[in-house]
Amino acid sequence: MPAAGRQLPQLLGDARRWFEEALFDALARAGAEPVSPTQAAVFAALDEGGTTVSELARRMGVTRQSTHQAVHGLITLGLLEQAPDPDSARRRLIRRTPAGERAHEQARCTLARLEQVLAERIGQEHVAALRSALEAPWGDPPSL
């Protein structure tokens, strides 16, 4: 076990929650429609041209049913819409509405500001090293 006593997955989870709590707080203060962490993950997993529910579920690592519920909640809020997939008559693409694009841009700007705050607190070199480590190819999970 590491000297600090906490496992890396715990530390990564805490870091994610730090960003999520600050993001949701900032968006609420700005009067944005409240969304769940799962709904926010849908936004993060969407391609610009739209994405199927199956692909969103795969990217998020959750069931299609969970993804479907999150998507329909966001459709009800007017942030997402379903559209025919031009490559397949059987599939539907999930994409942002104009209101969803505005919300996505607001969240993107807020996250960029949070990264600046983190750099002020722990140093730009640590943020750069963290980003570099997380962007490095890790390969498939090992079988131990």
# chains A, B, ... in the order shown; residues from 1 in each chain; ligands from 1
>>> residues_around(residues="range 17-28 of chain A", least_positions_apart="4", cutoff="9 Å", atoms="only C-alpha atoms", output="PDB file with all heavy atoms, in the first residue's frame")
ATOM      1  N   LEU A  12      -8.225   9.320  -7.381  1.00  0.00           N
ATOM      2  CA  LEU A  12      -8.821   9.763  -8.642  1.00  0.00           C
ATOM      3  C   LEU A  12     -10.313  10.069  -8.466  1.00  0.00           C
ATOM      4  O   LEU A  12     -10.824  11.046  -9.025  1.00  0.00           O
ATOM      5  CB  LEU A  12      -8.612   8.715  -9.734  1.00  0.00           C
ATOM      6  CG  LEU A  12      -7.177   8.563 -10.230  1.00  0.00           C
ATOM      7  CD1 LEU A  12      -7.039   7.313 -11.093  1.00  0.00           C
ATOM      8  CD2 LEU A  12      -6.721   9.794 -10.974  1.00  0.00           C
ATOM      9  N   GLY A  13     -11.003   9.244  -7.695  1.00  0.00           N
ATOM     10  CA  GLY A  13     -12.425   9.486  -7.411  1.00  0.00           C
ATOM     11  C   GLY A  13     -12.634  10.787  -6.661  1.00  0.00           C
ATOM     12  O   GLY A  13     -13.547  11.563  -6.972  1.00  0.00           O
ATOM     13  N   ALA A  32     -28.231  27.647 -14.164  1.00  0.00           N
ATOM     14  CA  ALA A  32     -28.363  26.546 -15.124  1.00  0.00           C
ATOM     15  C   ALA A  32     -29.309  25.482 -14.582  1.00  0.00           C
ATOM     16  O   ALA A  32     -29.481  25.335 -13.377  1.00  0.00           O
ATOM     17  CB  ALA A  32     -27.001  25.936 -15.415  1.00  0.00           C
ATOM     18  N   GLU A  33     -29.888  24.748 -15.499  1.00  0.00           N
ATOM     19  CA  GLU A  33     -30.765  23.629 -15.154  1.00  0.00           C
ATOM     20  C   GLU A  33     -29.937  22.570 -14.426  1.00  0.00           C
ATOM     21  O   GLU A  33     -28.883  22.177 -14.901  1.00  0.00           O
ATOM     22  CB  GLU A  33     -31.335  23.042 -16.447  1.00  0.00           C
ATOM     23  CG  GLU A  33     -32.554  22.208 -16.295  1.00  0.00           C
ATOM     24  CD  GLU A  33     -33.781  22.969 -15.854  1.00  0.00           C
ATOM     25  OE1 GLU A  33     -34.126  23.970 -16.486  1.00  0.00           O
ATOM     26  OE2 GLU A  33     -34.387  22.525 -14.869  1.00  0.00           O
ATOM     27  N   PRO A  34     -30.365  22.107 -13.243  1.00  0.00           N
ATOM     28  CA  PRO A  34     -29.572  21.095 -12.534  1.00  0.00           C
ATOM     29  C   PRO A  34     -29.615  19.752 -13.258  1.00  0.00           C
ATOM     30  O   PRO A  34     -30.653  19.342 -13.761  1.00  0.00           O
ATOM     31  CB  PRO A  34     -30.244  21.002 -11.158  1.00  0.00           C
ATOM     32  CG  PRO A  34     -31.600  21.580 -11.327  1.00  0.00           C
ATOM     33  CD  PRO A  34     -31.557  22.513 -12.505  1.00  0.00           C
ATOM     34  N   VAL A  35     -28.449  19.098 -13.318  1.00  0.00           N
ATOM     35  CA  VAL A  35     -28.334  17.782 -13.915  1.00  0.00           C
ATOM     36  C   VAL A  35     -27.595  16.867 -12.945  1.00  0.00           C
ATOM     37  O   VAL A  35     -26.878  17.331 -12.070  1.00  0.00           O
ATOM     38  CB  VAL A  35     -27.604  17.813 -15.284  1.00  0.00           C
ATOM     39  CG1 VAL A  35     -28.371  18.633 -16.305  1.00  0.00           C
ATOM     40  CG2 VAL A  35     -26.190  18.315 -15.143  1.00  0.00           C
ATOM     41  N   SER A  36     -27.761  15.570 -13.138  1.00  0.00           N
ATOM     42  CA  SER A  36     -27.079  14.581 -12.299  1.00  0.00           C
ATOM     43  C   SER A  36     -25.674  14.337 -12.843  1.00  0.00           C
ATOM     44  O   SER A  36     -25.380  14.668 -14.000  1.00  0.00           O
ATOM     45  CB  SER A  36     -27.867  13.279 -12.299  1.00  0.00           C
ATOM     46  OG  SER A  36     -27.758  12.651 -13.566  1.00  0.00           O
ATOM     47  N   PRO A  37     -24.807  13.718 -12.038  1.00  0.00           N
ATOM     48  CA  PRO A  37     -23.483  13.353 -12.565  1.00  0.00           C
ATOM     49  C   PRO A  37     -23.573  12.446 -13.792  1.00  0.00           C
ATOM     50  O   PRO A  37     -22.782  12.601 -14.726  1.00  0.00           O
ATOM     51  CB  PRO A  37     -22.819  12.632 -11.390  1.00  0.00           C
ATOM     52  CG  PRO A  37     -23.444  13.264 -10.180  1.00  0.00           C
ATOM     53  CD  PRO A  37     -24.888  13.500 -10.592  1.00  0.00           C
ATOM     54  N   ALA A  40     -24.396  14.633 -16.709  1.00  0.00           N
ATOM     55  CA  ALA A  40     -23.201  15.386 -17.103  1.00  0.00           C
ATOM     56  C   ALA A  40     -22.247  14.495 -17.885  1.00  0.00           C
ATOM     57  O   ALA A  40     -21.622  14.945 -18.862  1.00  0.00           O
ATOM     58  CB  ALA A  40     -22.513  15.964 -15.871  1.00  0.00           C
ATOM     59  N   ALA A 103     -25.310  25.178 -22.698  1.00  0.00           N
ATOM     60  CA  ALA A 103     -24.987  24.564 -21.400  1.00  0.00           C
ATOM     61  C   ALA A 103     -23.623  23.874 -21.461  1.00  0.00           C
ATOM     62  O   ALA A 103     -22.821  23.976 -20.521  1.00  0.00           O
ATOM     63  CB  ALA A 103     -26.076  23.570 -21.006  1.00  0.00           C
ATOM     64  N   GLN A 106     -20.935  26.515 -21.393  1.00  0.00           N
ATOM     65  CA  GLN A 106     -20.842  27.069 -20.039  1.00  0.00           C
ATOM     66  C   GLN A 106     -20.059  26.108 -19.134  1.00  0.00           C
ATOM     67  O   GLN A 106     -19.181  26.526 -18.380  1.00  0.00           O
ATOM     68  CB  GLN A 106     -22.245  27.318 -19.486  1.00  0.00           C
ATOM     69  CG  GLN A 106     -22.268  27.995 -18.142  1.00  0.00           C
ATOM     70  CD  GLN A 106     -23.699  28.237 -17.658  1.00  0.00           C
ATOM     71  OE1 GLN A 106     -24.646  27.600 -18.124  1.00  0.00           O
ATOM     72  NE2 GLN A 106     -23.845  29.144 -16.730  1.00  0.00           N
ATOM     73  N   ALA A 107     -20.343  24.823 -19.224  1.00  0.00           N
ATOM     74  CA  ALA A 107     -19.637  23.822 -18.421  1.00  0.00           C
ATOM     75  C   ALA A 107     -18.169  23.754 -18.826  1.00  0.00           C
ATOM     76  O   ALA A 107     -17.277  23.662 -17.971  1.00  0.00           O
ATOM     77  CB  ALA A 107     -20.306  22.463 -18.569  1.00  0.00           C
ATOM     78  N   THR A 110     -16.368  26.680 -17.383  1.00  0.00           N
ATOM     79  CA  THR A 110     -16.257  26.520 -15.929  1.00  0.00           C
ATOM     80  C   THR A 110     -15.160  25.523 -15.586  1.00  0.00           C
ATOM     81  O   THR A 110     -14.352  25.757 -14.679  1.00  0.00           O
ATOM     82  CB  THR A 110     -17.608  26.079 -15.332  1.00  0.00           C
ATOM     83  OG1 THR A 110     -18.593  27.071 -15.643  1.00  0.00           O
ATOM     84  CG2 THR A 110     -17.512  25.904 -13.828  1.00  0.00           C
ATOM     85  N   LEU A 111     -15.097  24.414 -16.317  1.00  0.00           N
ATOM     86  CA  LEU A 111     -14.052  23.425 -16.060  1.00  0.00           C
ATOM     87  C   LEU A 111     -12.658  23.991 -16.346  1.00  0.00           C
ATOM     88  O   LEU A 111     -11.704  23.700 -15.616  1.00  0.00           O
ATOM     89  CB  LEU A 111     -14.302  22.155 -16.870  1.00  0.00           C
ATOM     90  CG  LEU A 111     -15.475  21.309 -16.375  1.00  0.00           C
ATOM     91  CD1 LEU A 111     -15.816  20.225 -17.391  1.00  0.00           C
ATOM     92  CD2 LEU A 111     -15.173  20.705 -15.011  1.00  0.00           C
ATOM     93  N   LEU A 114     -11.810  26.027 -13.396  1.00  0.00           N
ATOM     94  CA  LEU A 114     -11.469  25.159 -12.265  1.00  0.00           C
ATOM     95  C   LEU A 114     -10.047  24.611 -12.402  1.00  0.00           C
ATOM     96  O   LEU A 114      -9.323  24.494 -11.413  1.00  0.00           O
ATOM     97  CB  LEU A 114     -12.472  24.009 -12.141  1.00  0.00           C
ATOM     98  CG  LEU A 114     -13.851  24.403 -11.642  1.00  0.00           C
ATOM     99  CD1 LEU A 114     -14.821  23.242 -11.781  1.00  0.00           C
ATOM    100  CD2 LEU A 114     -13.781  24.896 -10.201  1.00  0.00           C
ATOM    101  N   GLU A 115      -9.656  24.302 -13.616  1.00  0.00           N
ATOM    102  CA  GLU A 115      -8.288  23.837 -13.833  1.00  0.00           C
ATOM    103  C   GLU A 115      -7.290  24.942 -13.502  1.00  0.00           C
ATOM    104  O   GLU A 115      -6.226  24.683 -12.935  1.00  0.00           O
ATOM    105  CB  GLU A 115      -8.124  23.351 -15.274  1.00  0.00           C
ATOM    106  CG  GLU A 115      -6.856  22.569 -15.482  1.00  0.00           C
ATOM    107  CD  GLU A 115      -6.787  21.873 -16.827  1.00  0.00           C
ATOM    108  OE1 GLU A 115      -7.810  21.316 -17.272  1.00  0.00           O
ATOM    109  OE2 GLU A 115      -5.691  21.881 -17.423  1.00  0.00           O
TER     110      GLU A 115
END
>>> closest_residue(among="A:Asp47, A:Leu8, A:Thr52, A:Ala128", to="Arg90 in chain A", atoms="only C-alpha atoms")
A:Thr52
>>> residues_around(residues="Ala41 in chain A", least_positions_apart="2", cutoff="12 Å", atoms="only C-alpha atoms", output="MDAnalysis selection string")
chainID A and resid 16 20 35:39 43:46 56:62 66:67 70:71 74 104 107
>>> write_last_selection(atoms="N, CA and C atoms", output="mmCIF file, in the first residue's frame")
data_model
loop_
_atom_site.group_PDB
_atom_site.id
_atom_site.type_symbol
_atom_site.label_atom_id
_atom_site.label_comp_id
_atom_site.auth_asym_id
_atom_site.auth_seq_id
_atom_site.Cartn_x
_atom_site.Cartn_y
_atom_site.Cartn_z
ATOM 1 N N ARG A 16 -12.180 13.648 -9.088
ATOM 2 C CA ARG A 16 -13.364 13.792 -9.951
ATOM 3 C C ARG A 16 -14.488 14.491 -9.198
ATOM 4 N N GLU A 20 -16.578 17.860 -10.065
ATOM 5 C CA GLU A 20 -18.037 17.791 -10.216
ATOM 6 C C GLU A 20 -18.747 18.724 -9.242
ATOM 7 N N VAL A 35 -28.449 19.098 -13.318
ATOM 8 C CA VAL A 35 -28.334 17.782 -13.915
ATOM 9 C C VAL A 35 -27.595 16.867 -12.945
ATOM 10 N N SER A 36 -27.761 15.570 -13.138
ATOM 11 C CA SER A 36 -27.079 14.581 -12.299
ATOM 12 C C SER A 36 -25.674 14.337 -12.843
ATOM 13 N N PRO A 37 -24.807 13.718 -12.038
ATOM 14 C CA PRO A 37 -23.483 13.353 -12.565
ATOM 15 C C PRO A 37 -23.573 12.446 -13.792
ATOM 16 N N THR A 38 -24.543 11.536 -13.828
ATOM 17 C CA THR A 38 -24.705 10.667 -14.993
ATOM 18 C C THR A 38 -25.103 11.485 -16.211
ATOM 19 N N GLN A 39 -25.994 12.459 -16.025
ATOM 20 C CA GLN A 39 -26.390 13.312 -17.144
ATOM 21 C C GLN A 39 -25.208 14.153 -17.628
ATOM 22 N N PHE A 43 -23.147 14.309 -21.529
ATOM 23 C CA PHE A 43 -22.643 15.465 -22.278
ATOM 24 C C PHE A 43 -21.172 15.279 -22.638
ATOM 25 N N ALA A 44 -20.385 14.792 -21.694
ATOM 26 C CA ALA A 44 -18.950 14.619 -21.921
ATOM 27 C C ALA A 44 -18.671 13.541 -22.967
ATOM 28 N N ALA A 45 -19.541 12.552 -23.080
ATOM 29 C CA ALA A 45 -19.321 11.430 -23.991
ATOM 30 C C ALA A 45 -19.877 11.666 -25.392
ATOM 31 N N LEU A 46 -20.666 12.714 -25.585
ATOM 32 C CA LEU A 46 -21.291 12.978 -26.886
ATOM 33 C C LEU A 46 -20.287 13.453 -27.925
ATOM 34 N N LEU A 56 -22.889 5.695 -26.181
ATOM 35 C CA LEU A 56 -22.764 6.492 -24.948
ATOM 36 C C LEU A 56 -22.586 5.575 -23.744
ATOM 37 N N ALA A 57 -23.397 4.519 -23.665
ATOM 38 C CA ALA A 57 -23.312 3.574 -22.549
ATOM 39 C C ALA A 57 -21.932 2.927 -22.507
ATOM 40 N N ARG A 58 -21.414 2.528 -23.651
ATOM 41 C CA ARG A 58 -20.091 1.911 -23.705
ATOM 42 C C ARG A 58 -19.022 2.870 -23.207
ATOM 43 N N ARG A 59 -19.062 4.102 -23.677
ATOM 44 C CA ARG A 59 -18.060 5.097 -23.279
ATOM 45 C C ARG A 59 -18.133 5.420 -21.792
ATOM 46 N N MET A 60 -19.338 5.434 -21.269
ATOM 47 C CA MET A 60 -19.530 5.790 -19.859
ATOM 48 C C MET A 60 -19.331 4.593 -18.929
ATOM 49 N N GLY A 61 -19.348 3.389 -19.479
ATOM 50 C CA GLY A 61 -19.177 2.197 -18.669
ATOM 51 C C GLY A 61 -20.387 1.879 -17.811
ATOM 52 N N VAL A 62 -21.576 2.206 -18.324
ATOM 53 C CA VAL A 62 -22.828 1.929 -17.611
ATOM 54 C C VAL A 62 -23.780 1.194 -18.551
ATOM 55 N N SER A 66 -29.464 2.730 -17.966
ATOM 56 C CA SER A 66 -29.063 3.933 -17.218
ATOM 57 C C SER A 66 -28.837 5.105 -18.160
ATOM 58 N N THR A 67 -28.166 4.812 -19.268
ATOM 59 C CA THR A 67 -27.888 5.863 -20.245
ATOM 60 C C THR A 67 -29.185 6.376 -20.849
ATOM 61 N N ALA A 70 -30.885 8.701 -18.426
ATOM 62 C CA ALA A 70 -30.199 9.989 -18.359
ATOM 63 C C ALA A 70 -30.487 10.821 -19.607
ATOM 64 N N VAL A 71 -30.428 10.182 -20.767
ATOM 65 C CA VAL A 71 -30.686 10.880 -22.032
ATOM 66 C C VAL A 71 -32.105 11.435 -22.048
ATOM 67 N N LEU A 74 -32.509 14.494 -20.037
ATOM 68 C CA LEU A 74 -31.930 15.661 -20.710
ATOM 69 C C LEU A 74 -32.775 16.110 -21.899
ATOM 70 N N HIS A 104 -23.350 23.199 -22.573
ATOM 71 C CA HIS A 104 -22.067 22.510 -22.734
ATOM 72 C C HIS A 104 -20.921 23.516 -22.737
ATOM 73 N N ALA A 107 -20.343 24.823 -19.224
ATOM 74 C CA ALA A 107 -19.637 23.822 -18.421
ATOM 75 C C ALA A 107 -18.169 23.754 -18.826
#
>>> select_by_dssp(residues="range 1-105 of chain A", states="alpha helix (DSSP H)", output="VMD selection string")
chain A and resid 8 to 29 37 to 45 53 to 60 64 to 76 98 to 105
>>> atom_distance(atom1="CA of Ile94 in chain A", atom2="CA of Thr76 in chain A")
12.9 Å
>>> select_by_dssp(residues="chain A", states="strand (DSSP E)", output="list of chain:residue names")
A:Leu80, A:Glu81, A:Gln82, A:Ala83, A:Pro84, A:Asp85, A:Ser88, A:Ala89, A:Arg90, A:Arg91, A:Arg92, A:Leu93, A:Ile94, A:Arg95, A:Arg96
>>> write_last_selection(atoms="N, CA and C atoms", output="tab-separated table (two decimals), in the first residue's frame")
chain	number	residue	atom	x	y	z
A	80	LEU	N	-31.04	17.94	-24.95
A	80	LEU	CA	-30.69	16.97	-25.98
A	80	LEU	C	-31.89	16.68	-26.85
A	81	GLU	N	-31.63	16.10	-28.02
A	81	GLU	CA	-32.69	15.66	-28.91
A	81	GLU	C	-32.26	14.38	-29.60
A	82	GLN	N	-33.22	13.65	-30.12
A	82	GLN	CA	-32.95	12.46	-30.92
A	82	GLN	C	-33.13	12.82	-32.39
A	83	ALA	N	-32.26	12.28	-33.22
A	83	ALA	CA	-32.35	12.53	-34.66
A	83	ALA	C	-32.03	11.24	-35.40
A	84	PRO	N	-32.57	11.06	-36.60
A	84	PRO	CA	-32.24	9.87	-37.38
A	84	PRO	C	-30.75	9.83	-37.69
A	85	ASP	N	-30.18	8.64	-37.67
A	85	ASP	CA	-28.78	8.45	-38.04
A	85	ASP	C	-28.73	8.35	-39.56
A	88	SER	N	-27.83	4.82	-40.82
A	88	SER	CA	-28.62	3.64	-40.50
A	88	SER	C	-30.05	4.05	-40.18
A	89	ALA	N	-31.00	3.49	-40.90
A	89	ALA	CA	-32.41	3.83	-40.67
A	89	ALA	C	-32.90	3.30	-39.32
A	90	ARG	N	-32.20	2.34	-38.74
A	90	ARG	CA	-32.65	1.73	-37.49
A	90	ARG	C	-32.13	2.47	-36.25
A	91	ARG	N	-31.08	3.28	-36.40
A	91	ARG	CA	-30.48	3.93	-35.24
A	91	ARG	C	-30.90	5.39	-35.14
A	92	ARG	N	-30.86	5.87	-33.89
A	92	ARG	CA	-31.13	7.28	-33.61
A	92	ARG	C	-29.88	7.86	-32.95
A	93	LEU	N	-29.56	9.08	-33.32
A	93	LEU	CA	-28.44	9.78	-32.71
A	93	LEU	C	-28.94	10.73	-31.63
A	94	ILE	N	-28.21	10.80	-30.56
A	94	ILE	CA	-28.48	11.76	-29.50
A	94	ILE	C	-27.53	12.92	-29.72
A	95	ARG	N	-28.08	14.13	-29.75
A	95	ARG	CA	-27.23	15.31	-29.95
A	95	ARG	C	-27.76	16.48	-29.14
A	96	ARG	N	-26.91	17.47	-28.98
A	96	ARG	CA	-27.28	18.65	-28.20
A	96	ARG	C	-28.24	19.55	-28.99
>>> atom_distance(atom1="CA of Glu55 in chain A", atom2="CA of Ile75 in chain A")
17.3 Å
>>> atom_distance(atom1="CA of Pro98 in chain A", atom2="CA of Thr63 in chain A")
27.1 Å
>>> closest_residue(among="A:Ser132, A:Ala99, A:Val117, A:Gln65", to="Gly78 in chain A", atoms="only C-alpha atoms")
A:Ala99
